[in-house]
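Each remark here refers to the structure printed beneath this line.
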Amino acid sequence: MPRPPQLSPGEITDRLASLPGWTLTDGALRREFVFADFPEAFAFMTRVALVAEKMDHHPEWTNVWSRVSVRLTTHDAGGVTALDLELAGVMHRLMRNGD
């Protein structure tokens, strides 16, 4: 299945308006999530991983205790695509709802 095309910086900025905390930095979407503790951070990553696998679109992320730092880009498109924004939206909802 072909990947969606890279979006322009203007398109990305417009769509980020509905995703608080996300920024476009160095050609990628970035955000740091902060949780109460390690189990909460790890549970969030687990929930995201299940969705990411179904999407066949996997985040670049790191976890240090209660923090999860995320970088999203679609490598085969050479930048940010609708897939990245969709996964950012999933993360936003999971963080807000806790489910």
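Ordering of the structure tokens sets the chain letters (A, B, ...), residue numbers begin anew at 1 in every chain, and ligands are numbered from 1 in the order given.
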- Query: Counting only C-alpha atoms, what is within 7 Å of region 26-28 of chain A, bar same-chain residues fewer than 2 positions away, as a ChimeraX atom specification?
  - Reply: /A:24,30,71-73,79-80
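Summary of the local environment: counting only C-alpha atoms, residues at most 12 Å from Ala36 (chain A), other than itself and those fewer than 6 positions away along its chain, are Phe42, Ala43, Phe44, Trp65, Ser66, Arg67 and Val68 of chain A.
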- Task: Tell me, as a list of chain:residue names, which residues lie within 12 Å of Leu50 (chain A), counting only C-alpha atoms; anything in the same chain fewer than 4 positions away does not count.
- Result: A:Ala43, A:Phe44, A:Met45, A:Thr46, A:Lys54, A:Met55, A:Asp56, A:His57, A:His58, A:Pro59, A:Leu87, A:Val90, A:Met91, A:Leu94
Please, could you write that set of residues out with N, CA, C and O atoms as a short mmCIF file (atom, residue, chain, number, x, y, z; two decimals), in the first residue's frame?
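Okay, part15.cif is ready:
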```cif
data_model
loop_
_atom_site.label_atom_id
_atom_site.label_comp_id
_atom_site.auth_asym_id
_atom_site.auth_seq_id
_atom_site.Cartn_x
_atom_site.Cartn_y
_atom_site.Cartn_z
N ALA A 43 2.35 2.10 30.23
CA ALA A 43 0.99 1.71 29.81
C ALA A 43 0.55 2.54 28.60
O ALA A 43 -0.04 2.00 27.65
N PHE A 44 0.87 3.83 28.60
CA PHE A 44 0.56 4.69 27.46
C PHE A 44 1.27 4.18 26.21
O PHE A 44 0.67 4.04 25.14
N MET A 45 2.56 3.87 26.34
CA MET A 45 3.32 3.38 25.19
C MET A 45 2.74 2.07 24.67
O MET A 45 2.69 1.85 23.45
N THR A 46 2.28 1.22 25.56
CA THR A 46 1.69 -0.05 25.15
C THR A 46 0.41 0.18 24.35
O THR A 46 0.21 -0.45 23.31
N LYS A 54 -1.25 -1.66 14.05
CA LYS A 54 -2.39 -1.78 13.11
C LYS A 54 -2.26 -0.80 11.96
O LYS A 54 -2.66 -1.09 10.84
N MET A 55 -1.72 0.39 12.25
CA MET A 55 -1.53 1.41 11.22
C MET A 55 -0.32 1.12 10.34
O MET A 55 -0.15 1.73 9.29
N ASP A 56 0.55 0.20 10.78
CA ASP A 56 1.85 -0.04 10.15
C ASP A 56 2.63 1.27 10.06
O ASP A 56 3.22 1.62 9.05
N HIS A 57 2.59 2.02 11.17
CA HIS A 57 3.28 3.31 11.25
C HIS A 57 3.80 3.47 12.68
O HIS A 57 3.02 3.66 13.60
N HIS A 58 5.09 3.36 12.85
CA HIS A 58 5.67 3.23 14.18
C HIS A 58 6.43 4.49 14.57
O HIS A 58 7.22 5.01 13.78
N PRO A 59 6.21 4.94 15.81
CA PRO A 59 6.87 6.17 16.26
C PRO A 59 8.32 5.95 16.62
O PRO A 59 8.74 4.84 16.94
N LEU A 87 -1.44 9.50 13.86
CA LEU A 87 -0.87 8.87 15.05
C LEU A 87 -0.73 9.87 16.19
O LEU A 87 -0.98 9.54 17.35
N VAL A 90 -4.07 10.05 17.76
CA VAL A 90 -4.31 8.88 18.61
C VAL A 90 -3.64 9.09 19.96
O VAL A 90 -4.24 8.88 21.02
N MET A 91 -2.39 9.53 19.95
CA MET A 91 -1.67 9.76 21.20
C MET A 91 -2.35 10.84 22.03
O MET A 91 -2.48 10.70 23.26
N LEU A 94 -5.44 9.25 23.61
CA LEU A 94 -5.08 8.29 24.65
C LEU A 94 -4.55 9.00 25.90
O LEU A 94 -4.83 8.58 27.03
#
```
- Task: Can you check which residues of region 21-60 of chain A DSSP gives as helix (DSSP H, G or I) on the backbone and send them as a PyMOL selection string?
- Result: chain A and resi 38-55
Write to file, as a PDB file, in the first residue's frame, the residues of the selection just made, with N, CA and C atoms.
```pdb
ATOM      1  N   PHE A  38       6.583   5.655  36.062  1.00  0.00           N
ATOM      2  CA  PHE A  38       6.980   4.768  34.966  1.00  0.00           C
ATOM      3  C   PHE A  38       5.856   3.840  34.505  1.00  0.00           C
ATOM      4  N   PRO A  39       5.108   3.176  35.417  1.00  0.00           N
ATOM      5  CA  PRO A  39       4.046   2.289  34.932  1.00  0.00           C
ATOM      6  C   PRO A  39       2.998   3.018  34.074  1.00  0.00           C
ATOM      7  N   GLU A  40       2.686   4.262  34.440  1.00  0.00           N
ATOM      8  CA  GLU A  40       1.718   5.022  33.649  1.00  0.00           C
ATOM      9  C   GLU A  40       2.279   5.340  32.259  1.00  0.00           C
ATOM     10  N   ALA A  41       3.544   5.737  32.205  1.00  0.00           N
ATOM     11  CA  ALA A  41       4.186   6.037  30.919  1.00  0.00           C
ATOM     12  C   ALA A  41       4.252   4.789  30.050  1.00  0.00           C
ATOM     13  N   PHE A  42       4.623   3.666  30.654  1.00  0.00           N
ATOM     14  CA  PHE A  42       4.745   2.426  29.904  1.00  0.00           C
ATOM     15  C   PHE A  42       3.382   1.937  29.415  1.00  0.00           C
ATOM     16  N   ALA A  43       2.346   2.099  30.225  1.00  0.00           N
ATOM     17  CA  ALA A  43       0.993   1.713  29.806  1.00  0.00           C
ATOM     18  C   ALA A  43       0.553   2.535  28.597  1.00  0.00           C
ATOM     19  N   PHE A  44       0.865   3.831  28.603  1.00  0.00           N
ATOM     20  CA  PHE A  44       0.556   4.693  27.461  1.00  0.00           C
ATOM     21  C   PHE A  44       1.268   4.178  26.209  1.00  0.00           C
ATOM     22  N   MET A  45       2.556   3.871  26.338  1.00  0.00           N
ATOM     23  CA  MET A  45       3.317   3.379  25.195  1.00  0.00           C
ATOM     24  C   MET A  45       2.736   2.068  24.667  1.00  0.00           C
ATOM     25  N   THR A  46       2.283   1.223  25.564  1.00  0.00           N
ATOM     26  CA  THR A  46       1.691  -0.048  25.152  1.00  0.00           C
ATOM     27  C   THR A  46       0.413   0.177  24.352  1.00  0.00           C
ATOM     28  N   ARG A  47      -0.440   1.085  24.839  1.00  0.00           N
ATOM     29  CA  ARG A  47      -1.686   1.377  24.112  1.00  0.00           C
ATOM     30  C   ARG A  47      -1.393   1.960  22.732  1.00  0.00           C
ATOM     31  N   VAL A  48      -0.417   2.873  22.667  1.00  0.00           N
ATOM     32  CA  VAL A  48      -0.035   3.459  21.377  1.00  0.00           C
ATOM     33  C   VAL A  48       0.556   2.395  20.463  1.00  0.00           C
ATOM     34  N   ALA A  49       1.379   1.513  20.994  1.00  0.00           N
ATOM     35  CA  ALA A  49       2.027   0.483  20.178  1.00  0.00           C
ATOM     36  C   ALA A  49       1.010  -0.408  19.482  1.00  0.00           C
ATOM     37  N   LEU A  50      -0.074  -0.732  20.162  1.00  0.00           N
ATOM     38  CA  LEU A  50      -1.106  -1.576  19.547  1.00  0.00           C
ATOM     39  C   LEU A  50      -1.747  -0.888  18.350  1.00  0.00           C
ATOM     40  N   VAL A  51      -2.016   0.405  18.484  1.00  0.00           N
ATOM     41  CA  VAL A  51      -2.602   1.164  17.370  1.00  0.00           C
ATOM     42  C   VAL A  51      -1.573   1.346  16.253  1.00  0.00           C
ATOM     43  N   ALA A  52      -0.345   1.693  16.621  1.00  0.00           N
ATOM     44  CA  ALA A  52       0.712   1.915  15.622  1.00  0.00           C
ATOM     45  C   ALA A  52       0.945   0.669  14.775  1.00  0.00           C
ATOM     46  N   GLU A  53       0.894  -0.484  15.408  1.00  0.00           N
ATOM     47  CA  GLU A  53       1.090  -1.730  14.665  1.00  0.00           C
ATOM     48  C   GLU A  53      -0.032  -1.936  13.645  1.00  0.00           C
ATOM     49  N   LYS A  54      -1.254  -1.659  14.046  1.00  0.00           N
ATOM     50  CA  LYS A  54      -2.391  -1.783  13.107  1.00  0.00           C
ATOM     51  C   LYS A  54      -2.260  -0.798  11.955  1.00  0.00           C
ATOM     52  N   MET A  55      -1.718   0.386  12.248  1.00  0.00           N
ATOM     53  CA  MET A  55      -1.532   1.409  11.216  1.00  0.00           C
ATOM     54  C   MET A  55      -0.317   1.115  10.338  1.00  0.00           C
TER      55      MET A  55
END
```
- Task: Find the residues around region 10-19 of chain A up to 8 Å (only C-alpha atoms counted), leave out those fewer than 6 positions away in its own chain, and share them as a list in words.
- Result: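 Using only C-alpha atoms, the neighbours found are Val80, Leu85, Ala88, Gly89 and His92 of chain A.
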Write a file of the just-selected residues containing N, CA, C and O atoms, as a short mmCIF file (atom, residue, chain, number, x, y, z; two decimals), in the first residue's frame.
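Below is the file out31.cif, written as the result:
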```cif
data_model
loop_
_atom_site.label_atom_id
_atom_site.label_comp_id
_atom_site.auth_asym_id
_atom_site.auth_seq_id
_atom_site.Cartn_x
_atom_site.Cartn_y
_atom_site.Cartn_z
N VAL A 80 6.79 14.71 7.10
CA VAL A 80 5.53 14.52 7.81
C VAL A 80 4.39 14.30 6.82
O VAL A 80 4.27 15.03 5.84
N LEU A 85 0.19 12.73 11.52
CA LEU A 85 -0.85 13.52 12.19
C LEU A 85 -1.92 12.61 12.77
O LEU A 85 -2.44 12.87 13.86
N ALA A 88 -0.38 11.11 15.88
CA ALA A 88 -0.34 12.16 16.92
C ALA A 88 -1.73 12.33 17.53
O ALA A 88 -1.86 12.50 18.75
N GLY A 89 -2.77 12.29 16.70
CA GLY A 89 -4.13 12.40 17.21
C GLY A 89 -4.50 11.25 18.12
O GLY A 89 -5.17 11.43 19.14
N HIS A 92 -2.80 11.88 21.38
CA HIS A 92 -3.50 12.97 22.08
C HIS A 92 -4.76 12.42 22.78
O HIS A 92 -4.99 12.71 23.95
#
```
- With only C-alpha atoms as the atoms that count, which of A:Pro20, A:Thr74, A:Asn63, A:Ser69 lies nearest to Phe33 (chain A)?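 Checking each of A:Pro20, A:Thr74, A:Asn63, A:Ser69 against Phe33 (chain A), counting only C-alpha atoms, the winner is A:Ser69.
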- Query: Which polymer residues have any atom within 10 Å of an atom of Asp76 (chain A), counting only C-alpha atoms, with same-chain residues fewer than 3 positions away left out, as a ChimeraX atom specification?
  - Reply: /A:2-6,73,79
Residue set, chain A restricted to strand (DSSP E or B), as a PDB file with N, CA and C atoms, in the first residue's frame:
```pdb
ATOM      1  N   THR A  23       4.700  20.022  18.114  1.00  0.00           N
ATOM      2  CA  THR A  23       5.381  21.042  17.320  1.00  0.00           C
ATOM      3  C   THR A  23       5.981  20.393  16.079  1.00  0.00           C
ATOM      4  N   LEU A  24       6.250  21.220  15.096  1.00  0.00           N
ATOM      5  CA  LEU A  24       6.994  20.800  13.914  1.00  0.00           C
ATOM      6  C   LEU A  24       8.410  21.311  14.103  1.00  0.00           C
ATOM      7  N   THR A  25       9.349  20.389  14.307  1.00  0.00           N
ATOM      8  CA  THR A  25      10.738  20.749  14.584  1.00  0.00           C
ATOM      9  C   THR A  25      11.654  19.852  13.770  1.00  0.00           C
ATOM     10  N   ALA A  28       9.951  17.085  11.638  1.00  0.00           N
ATOM     11  CA  ALA A  28       9.204  16.006  12.290  1.00  0.00           C
ATOM     12  C   ALA A  28       8.243  16.593  13.322  1.00  0.00           C
ATOM     13  N   LEU A  29       7.193  15.850  13.615  1.00  0.00           N
ATOM     14  CA  LEU A  29       6.307  16.215  14.711  1.00  0.00           C
ATOM     15  C   LEU A  29       6.949  15.751  16.008  1.00  0.00           C
ATOM     16  N   ARG A  30       6.910  16.607  17.025  1.00  0.00           N
ATOM     17  CA  ARG A  30       7.551  16.257  18.297  1.00  0.00           C
ATOM     18  C   ARG A  30       6.642  16.628  19.463  1.00  0.00           C
ATOM     19  N   ARG A  31       6.740  15.796  20.501  1.00  0.00           N
ATOM     20  CA  ARG A  31       6.011  16.078  21.736  1.00  0.00           C
ATOM     21  C   ARG A  31       6.617  15.256  22.862  1.00  0.00           C
ATOM     22  N   GLU A  32       6.572  15.821  24.061  1.00  0.00           N
ATOM     23  CA  GLU A  32       6.955  15.082  25.251  1.00  0.00           C
ATOM     24  C   GLU A  32       5.712  14.930  26.128  1.00  0.00           C
ATOM     25  N   PHE A  33       5.436  13.711  26.524  1.00  0.00           N
ATOM     26  CA  PHE A  33       4.332  13.404  27.427  1.00  0.00           C
ATOM     27  C   PHE A  33       4.911  13.141  28.805  1.00  0.00           C
ATOM     28  N   VAL A  34       4.260  13.659  29.837  1.00  0.00           N
ATOM     29  CA  VAL A  34       4.725  13.459  31.206  1.00  0.00           C
ATOM     30  C   VAL A  34       3.619  12.773  31.996  1.00  0.00           C
ATOM     31  N   GLU A  60       9.092   7.022  16.544  1.00  0.00           N
ATOM     32  CA  GLU A  60      10.414   7.057  17.163  1.00  0.00           C
ATOM     33  C   GLU A  60      10.156   7.655  18.538  1.00  0.00           C
ATOM     34  N   TRP A  61      10.528   6.925  19.577  1.00  0.00           N
ATOM     35  CA  TRP A  61      10.281   7.460  20.917  1.00  0.00           C
ATOM     36  C   TRP A  61      11.291   6.938  21.911  1.00  0.00           C
ATOM     37  N   THR A  62      11.390   7.684  23.006  1.00  0.00           N
ATOM     38  CA  THR A  62      12.222   7.263  24.118  1.00  0.00           C
ATOM     39  C   THR A  62      11.406   7.418  25.392  1.00  0.00           C
ATOM     40  N   ASN A  63      11.759   6.622  26.372  1.00  0.00           N
ATOM     41  CA  ASN A  63      11.086   6.672  27.665  1.00  0.00           C
ATOM     42  C   ASN A  63      12.137   6.716  28.761  1.00  0.00           C
ATOM     43  N   VAL A  64      12.034   7.710  29.610  1.00  0.00           N
ATOM     44  CA  VAL A  64      12.845   7.796  30.810  1.00  0.00           C
ATOM     45  C   VAL A  64      11.890   8.054  31.963  1.00  0.00           C
ATOM     46  N   ARG A  67       8.556  10.092  31.558  1.00  0.00           N
ATOM     47  CA  ARG A  67       8.507  10.903  30.337  1.00  0.00           C
ATOM     48  C   ARG A  67       8.619  10.029  29.088  1.00  0.00           C
ATOM     49  N   VAL A  68       7.793  10.372  28.109  1.00  0.00           N
ATOM     50  CA  VAL A  68       7.857   9.716  26.801  1.00  0.00           C
ATOM     51  C   VAL A  68       8.051  10.818  25.767  1.00  0.00           C
ATOM     52  N   SER A  69       9.194  10.817  25.092  1.00  0.00           N
ATOM     53  CA  SER A  69       9.487  11.798  24.046  1.00  0.00           C
ATOM     54  C   SER A  69       9.249  11.142  22.697  1.00  0.00           C
ATOM     55  N   VAL A  70       8.477  11.825  21.855  1.00  0.00           N
ATOM     56  CA  VAL A  70       8.038  11.239  20.587  1.00  0.00           C
ATOM     57  C   VAL A  70       8.499  12.107  19.419  1.00  0.00           C
ATOM     58  N   ARG A  71       8.907  11.436  18.351  1.00  0.00           N
ATOM     59  CA  ARG A  71       9.236  12.076  17.067  1.00  0.00           C
ATOM     60  C   ARG A  71       8.519  11.285  15.988  1.00  0.00           C
ATOM     61  N   LEU A  72       7.688  11.976  15.203  1.00  0.00           N
ATOM     62  CA  LEU A  72       6.931  11.313  14.147  1.00  0.00           C
ATOM     63  C   LEU A  72       7.301  11.881  12.781  1.00  0.00           C
ATOM     64  N   THR A  74       7.310  10.242   8.399  1.00  0.00           N
ATOM     65  CA  THR A  74       7.140   9.092   7.517  1.00  0.00           C
ATOM     66  C   THR A  74       8.394   9.001   6.654  1.00  0.00           C
ATOM     67  N   GLY A  79       9.283  13.010   5.092  1.00  0.00           N
ATOM     68  CA  GLY A  79       8.806  14.077   5.970  1.00  0.00           C
ATOM     69  C   GLY A  79       7.495  13.705   6.629  1.00  0.00           C
TER      70      GLY A  79
END
```
